[in-house]
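Visitor: My structure is in work.json, and what it holds is JSON, C-alpha atoms:
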```json
[["chain", "number", "residue", "atom", "x", "y", "z"],
["A", 1, "MET", "CA", 27.36, 36.20, -55.19],
["A", 2, "ALA", "CA", 28.57, 36.18, -58.81],
["A", 3, "PHE", "CA", 25.25, 34.82, -60.02],
["A", 4, "ALA", "CA", 23.32, 37.44, -58.04],
["A", 5, "ILE", "CA", 25.34, 40.21, -59.71],
["A", 6, "ARG", "CA", 24.75, 38.70, -63.15],
["A", 7, "MET", "CA", 21.02, 38.39, -62.51],
["A", 8, "ARG", "CA", 20.84, 42.01, -61.37],
["A", 9, "VAL", "CA", 22.87, 43.42, -64.28],
["A", 10, "PHE", "CA", 21.91, 41.19, -67.18],
["A", 11, "VAL", "CA", 18.40, 40.05, -66.32],
["A", 12, "LYS", "CA", 16.95, 43.00, -64.39],
["A", 13, "GLU", "CA", 18.80, 45.90, -66.06],
["A", 14, "GLN", "CA", 19.28, 44.58, -69.58],
["A", 15, "GLY", "CA", 16.33, 42.25, -69.99],
["A", 16, "VAL", "CA", 18.29, 39.07, -70.74],
["A", 17, "PRO", "CA", 16.04, 36.04, -70.15],
["A", 18, "ALA", "CA", 17.02, 34.38, -66.85],
["A", 19, "GLU", "CA", 16.93, 30.92, -68.43],
["A", 20, "ILE", "CA", 19.80, 31.76, -70.78],
["A", 21, "GLU", "CA", 21.90, 33.81, -68.37],
["A", 22, "LEU", "CA", 22.95, 30.84, -66.26],
["A", 23, "ASP", "CA", 24.30, 28.12, -68.55],
["A", 24, "ARG", "CA", 26.15, 24.81, -68.48],
["A", 25, "ASP", "CA", 29.51, 26.57, -68.89],
["A", 26, "ASP", "CA", 29.12, 27.95, -65.36],
["A", 27, "LYS", "CA", 30.04, 24.55, -63.91],
["A", 28, "ARG", "CA", 33.37, 24.38, -65.75],
["A", 29, "ALA", "CA", 34.25, 28.09, -65.75],
["A", 30, "LEU", "CA", 36.80, 29.88, -63.62],
["A", 31, "HIS", "CA", 34.81, 32.61, -61.85],
["A", 32, "PHE", "CA", 36.06, 35.98, -60.60],
["A", 33, "LEU", "CA", 34.45, 38.16, -57.97],
["A", 34, "ALA", "CA", 35.36, 41.79, -57.35],
["A", 35, "THR", "CA", 34.69, 43.22, -53.91],
["A", 36, "ALA", "CA", 34.67, 46.70, -52.43],
["A", 37, "GLY", "CA", 34.44, 47.16, -48.69],
["A", 38, "GLY", "CA", 33.60, 43.47, -48.29],
["A", 39, "LYS", "CA", 30.67, 43.72, -50.73],
["A", 40, "ALA", "CA", 30.58, 41.76, -54.00],
["A", 41, "VAL", "CA", 30.36, 44.37, -56.79],
["A", 42, "GLY", "CA", 31.51, 42.69, -59.99],
["A", 43, "THR", "CA", 32.08, 39.37, -61.67],
["A", 44, "ALA", "CA", 33.54, 37.70, -64.75],
["A", 45, "ARG", "CA", 34.35, 34.18, -65.87],
["A", 46, "ILE", "CA", 36.72, 32.29, -68.14],
["A", 47, "VAL", "CA", 35.68, 29.23, -70.11],
["A", 48, "LEU", "CA", 38.42, 27.25, -71.85],
["A", 49, "HIS", "CA", 37.72, 25.93, -75.34],
["A", 50, "SER", "CA", 40.70, 23.79, -76.30],
["A", 51, "ARG", "CA", 43.63, 26.28, -76.21],
["A", 52, "ASP", "CA", 41.40, 29.35, -76.36],
["A", 53, "ALA", "CA", 39.96, 31.20, -73.37],
["A", 54, "LYS", "CA", 36.62, 32.99, -73.58],
["A", 55, "ILE", "CA", 36.10, 35.76, -71.05],
["A", 56, "GLY", "CA", 32.46, 36.37, -70.40],
["A", 57, "ARG", "CA", 29.66, 37.32, -68.08],
["A", 58, "MET", "CA", 31.50, 40.49, -67.06],
["A", 59, "ALA", "CA", 29.15, 42.51, -64.91],
["A", 60, "VAL", "CA", 29.66, 45.35, -62.44],
["A", 61, "LEU", "CA", 26.93, 46.78, -60.25],
["A", 62, "LYS", "CA", 25.73, 50.15, -61.54],
["A", 63, "SER", "CA", 26.97, 52.21, -58.59],
["A", 64, "TYR", "CA", 30.51, 50.79, -59.02],
["A", 65, "ARG", "CA", 30.88, 51.34, -62.77],
["A", 66, "ARG", "CA", 33.50, 53.76, -64.09],
["A", 67, "LYS", "CA", 35.54, 53.27, -60.91],
["A", 68, "GLY", "CA", 38.08, 50.77, -62.25],
["A", 69, "VAL", "CA", 36.31, 47.59, -61.11],
["A", 70, "GLY", "CA", 35.77, 46.26, -64.63],
["A", 71, "ASN", "CA", 39.31, 47.14, -65.63],
["A", 72, "LYS", "CA", 40.77, 45.18, -62.70],
["A", 73, "LEU", "CA", 38.43, 42.23, -63.33],
["A", 74, "LEU", "CA", 39.40, 42.07, -66.99],
["A", 75, "ARG", "CA", 43.12, 42.35, -66.26],
["A", 76, "ARG", "CA", 42.88, 39.50, -63.74],
["A", 77, "ALA", "CA", 40.91, 37.36, -66.17],
["A", 78, "ILE", "CA", 43.53, 37.99, -68.89],
["A", 79, "ALA", "CA", 46.35, 37.08, -66.50],
["A", 80, "ALA", "CA", 44.54, 33.90, -65.44],
["A", 81, "ALA", "CA", 43.89, 32.91, -69.07],
["A", 82, "ARG", "CA", 47.60, 33.31, -69.78],
["A", 83, "ARG", "CA", 48.52, 31.18, -66.76],
["A", 84, "LEU", "CA", 46.14, 28.51, -68.05],
["A", 85, "GLY", "CA", 48.09, 28.48, -71.32],
["A", 86, "ALA", "CA", 45.49, 30.05, -73.59],
["A", 87, "LYS", "CA", 46.70, 30.63, -77.13],
["A", 88, "THR", "CA", 43.97, 33.16, -77.84],
["A", 89, "ILE", "CA", 41.74, 35.14, -75.47],
["A", 90, "TYR", "CA", 38.42, 36.33, -76.81],
["A", 91, "LEU", "CA", 35.06, 37.67, -75.70],
["A", 92, "HIS", "CA", 31.70, 38.77, -77.04],
["A", 93, "ALA", "CA", 31.45, 42.48, -76.25],
["A", 94, "GLN", "CA", 28.23, 44.40, -76.15],
["A", 95, "VAL", "CA", 28.62, 47.00, -78.91],
["A", 96, "ALA", "CA", 28.00, 49.83, -76.43],
["A", 97, "VAL", "CA", 31.16, 48.94, -74.47],
["A", 98, "ILE", "CA", 33.57, 47.95, -77.25],
["A", 99, "GLY", "CA", 35.75, 50.96, -76.35],
["A", 100, "PHE", "CA", 36.32, 49.58, -72.84],
["A", 101, "TYR", "CA", 37.75, 46.33, -74.22],
["A", 102, "ASP", "CA", 39.63, 48.13, -76.98],
["A", 103, "ARG", "CA", 41.54, 50.16, -74.39],
["A", 104, "LEU", "CA", 42.88, 46.90, -72.94],
["A", 105, "GLY", "CA", 44.11, 45.63, -76.30],
["A", 106, "PHE", "CA", 41.15, 43.66, -77.62],
["A", 107, "ARG", "CA", 40.30, 44.09, -81.30],
["A", 108, "ALA", "CA", 36.88, 43.65, -82.87],
["A", 109, "VAL", "CA", 36.64, 40.94, -85.51],
["A", 110, "GLY", "CA", 33.73, 39.97, -87.70],
["A", 111, "PRO", "CA", 30.27, 41.47, -87.92],
["A", 112, "VAL", "CA", 27.89, 42.63, -85.22],
["A", 113, "PHE", "CA", 25.59, 39.80, -84.06],
["A", 114, "ASP", "CA", 22.67, 39.41, -81.69],
["A", 115, "GLU", "CA", 23.18, 37.68, -78.37],
["A", 116, "ALA", "CA", 20.29, 37.65, -75.91],
["A", 117, "GLY", "CA", 18.64, 40.50, -77.82],
["A", 118, "ILE", "CA", 21.70, 42.77, -77.47],
["A", 119, "PRO", "CA", 24.12, 43.67, -80.32],
["A", 120, "HIS", "CA", 27.57, 42.16, -79.73],
["A", 121, "ARG", "CA", 30.85, 41.85, -81.55],
["A", 122, "LYS", "CA", 33.57, 39.25, -81.11],
["A", 123, "MET", "CA", 36.86, 40.71, -79.86],
["A", 124, "THR", "CA", 40.20, 38.94, -79.60],
["A", 125, "LEU", "CA", 43.46, 39.47, -77.76],
["A", 126, "LEU", "CA", 46.66, 37.57, -78.40],
["A", 127, "ALA", "CA", 47.47, 35.77, -75.17],
["A", 128, "ARG", "CA", 51.13, 36.85, -75.33],
["A", 129, "GLY", "CA", 50.42, 40.58, -75.36],
["A", 130, "MET", "CA", 47.78, 43.05, -74.38],
["A", 131, "GLY", "CA", 48.25, 45.23, -77.45],
["A", 132, "GLN", "CA", 50.28, 48.39, -77.81],
["A", 133, "LYS", "CA", 47.68, 50.73, -76.28],
["A", 134, "ALA", "CA", 47.36, 48.70, -73.10],
["A", 135, "LYS", "CA", 51.12, 48.22, -72.77],
["A", 136, "ALA", "CA", 51.71, 51.94, -73.06],
["A", 137, "LYS", "CA", 49.11, 52.67, -70.40],
["A", 138, "THR", "CA", 50.53, 50.00, -68.10],
["A", 139, "HIS", "CA", 54.02, 51.51, -68.31],
["A", 140, "LYS", "CA", 52.71, 55.02, -67.60],
["A", 141, "GLN", "CA", 51.02, 53.80, -64.42],
["A", 142, "ASN", "CA", 54.12, 52.10, -63.02]]
```
Please, can you express the file's structure as structure tokens?
Guide:
Amino acid sequence: MAFAIRMRVFVKEQGVPAEIELDRDDKRALHFLATAGGKAVGTARIVLHSRDAKIGRMAVLKSYRRKGVGNKLLRRAIAAARRLGAKTIYLHAQVAVIGFYDRLGFRAVGPVFDEAGIPHRKMTLLARGMGQKAKAKTHKQN
């Protein structure tokens, strides 16, 4: 299911070559699957690199975007990375969606770079906190 979502979003919608979308990290990653009404609608994964956790391959089907699916996926991935003892949590964000990650406490570091023909930027989050913006939003919701 997760791979089917990734193929649909990354390969079909965004033109990422299929041969680079599925990689050797998939075998060792912790995968997440979001469902709605019993249907798989989103996915993400965590790959551990020493004491750092890389969140990646976040994809949500088009008709379920902007409905909180990505937010819930990312929050669960962050929580899982913390439980796994990650010192730093990071990801490679497509430039077009940096604001989404920023709202959850990630901060862009370094220059824009090309990944699979799409501009990206590395973003990091300290594993002990989600950043002031995200904390404030979390408290308002409770």
Visitor: In terms of the shortest atom-to-atom distance over all atoms listed in the file, which of A:Arg76, A:Arg6, A:Arg66, A:Lys12 is closest to Gly42 in chain A?
Guide: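 Counting all atoms listed in the file, the residue closest to Gly42 in chain A is A:Arg6.
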Visitor: Rank A:Ile89, A:Val60, A:Ala96, A:Ala79 by their smallest atom-to-atom distance to Thr35 in chain A, using all atoms listed in the file, and report the top residue only.
Guide: A:Val60
Visitor: Just how far from CA of Tyr64 in chain A is CA of Arg24 in chain A, in Å to one decimal?
Guide: 28.0 Å
Visitor: Restricting the calculation to only C-alpha atoms: of A:Met123, A:Ile46, A:Val16, A:Leu84, which residue gets closest to Arg103 in chain A?
Guide: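 Between A:Met123, A:Ile46, A:Val16, A:Leu84, the residue approaching Arg103 in chain A most closely is A:Met123.
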Visitor: Using all atoms listed in the file for the distances, tell me which of A:Phe100, A:Phe113, A:Phe32, A:Phe3 is nearest to Arg65 in chain A.
Guide: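 Residue with the minimum atom-to-atom distance to Arg65 in chain A: A:Phe100.
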Visitor: To one decimal place in Å, what is the distance between CA of Ala116 in chain A and CA of Ala59 in chain A?
Guide: 14.9 Å
Visitor: Just the number, please: distance in Å from CA of Asp52 in chain A to CA of Gly117 in chain A, one decimal.
Guide: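 So the two atoms, CA of Asp52 in chain A and CA of Gly117 in chain A, lie 25.4 Å apart.
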Visitor: Give the answer as one residue: which of A:Asp102, A:Ala81, A:Ala40, A:Asp26 has the shortest atom-to-atom distance to Leu61 in chain A, using only C-alpha atoms?
Guide: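 Counting only C-alpha atoms, the residue closest to Leu61 in chain A is A:Ala40.
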Visitor: Could you list, as a list in words, every residue within 8 Å of Gln94 in chain A, counting only C-alpha atoms and ignoring same-chain residues fewer than 4 positions away?
Guide: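 Surrounding residues, per the criterion: Ile98, Ile118, Pro119, His120 and Arg121 of chain A.
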Visitor: Between A:His92, A:Lys62, A:Arg28, A:His49, which has the minimum distance to Glu13 in chain A (counting all atoms listed in the file)?
Guide: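 Closest candidate: A:Lys62.
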Visitor: Would you list the residues near (41.2, 25.8, -77.4), meaning any protein, DNA or RNA residue with an atom at most 10 Å from that point in file coordinates, counting all atoms listed in the file, as a list in words?
Guide: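 Checked against the point, the hits come out as Val47, Leu48, His49, Ser50, Arg51, Asp52, Ala53, Lys54, Gly85, Ala86, Lys87, Thr88 and Ile89 of chain A.
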Visitor: Excluding same-chain residues fewer than 3 positions from Ala44 in chain A, what lies within 12 Å of it counting only C-alpha atoms, as number ranges by chain?
Guide: A: 1-3, 5-6, 26, 29-34, 40-41, 47, 54-60, 69-78, 80, 91
Visitor: Name all residues at most 8 Å from Lys122 in chain A (count only C-alpha atoms; drop same-chain ones fewer than 2 positions away) and give them as JSON, numbers by chain.
Guide: {"A": [90, 91, 92, 93, 108, 109, 110, 111, 112, 120, 124]}
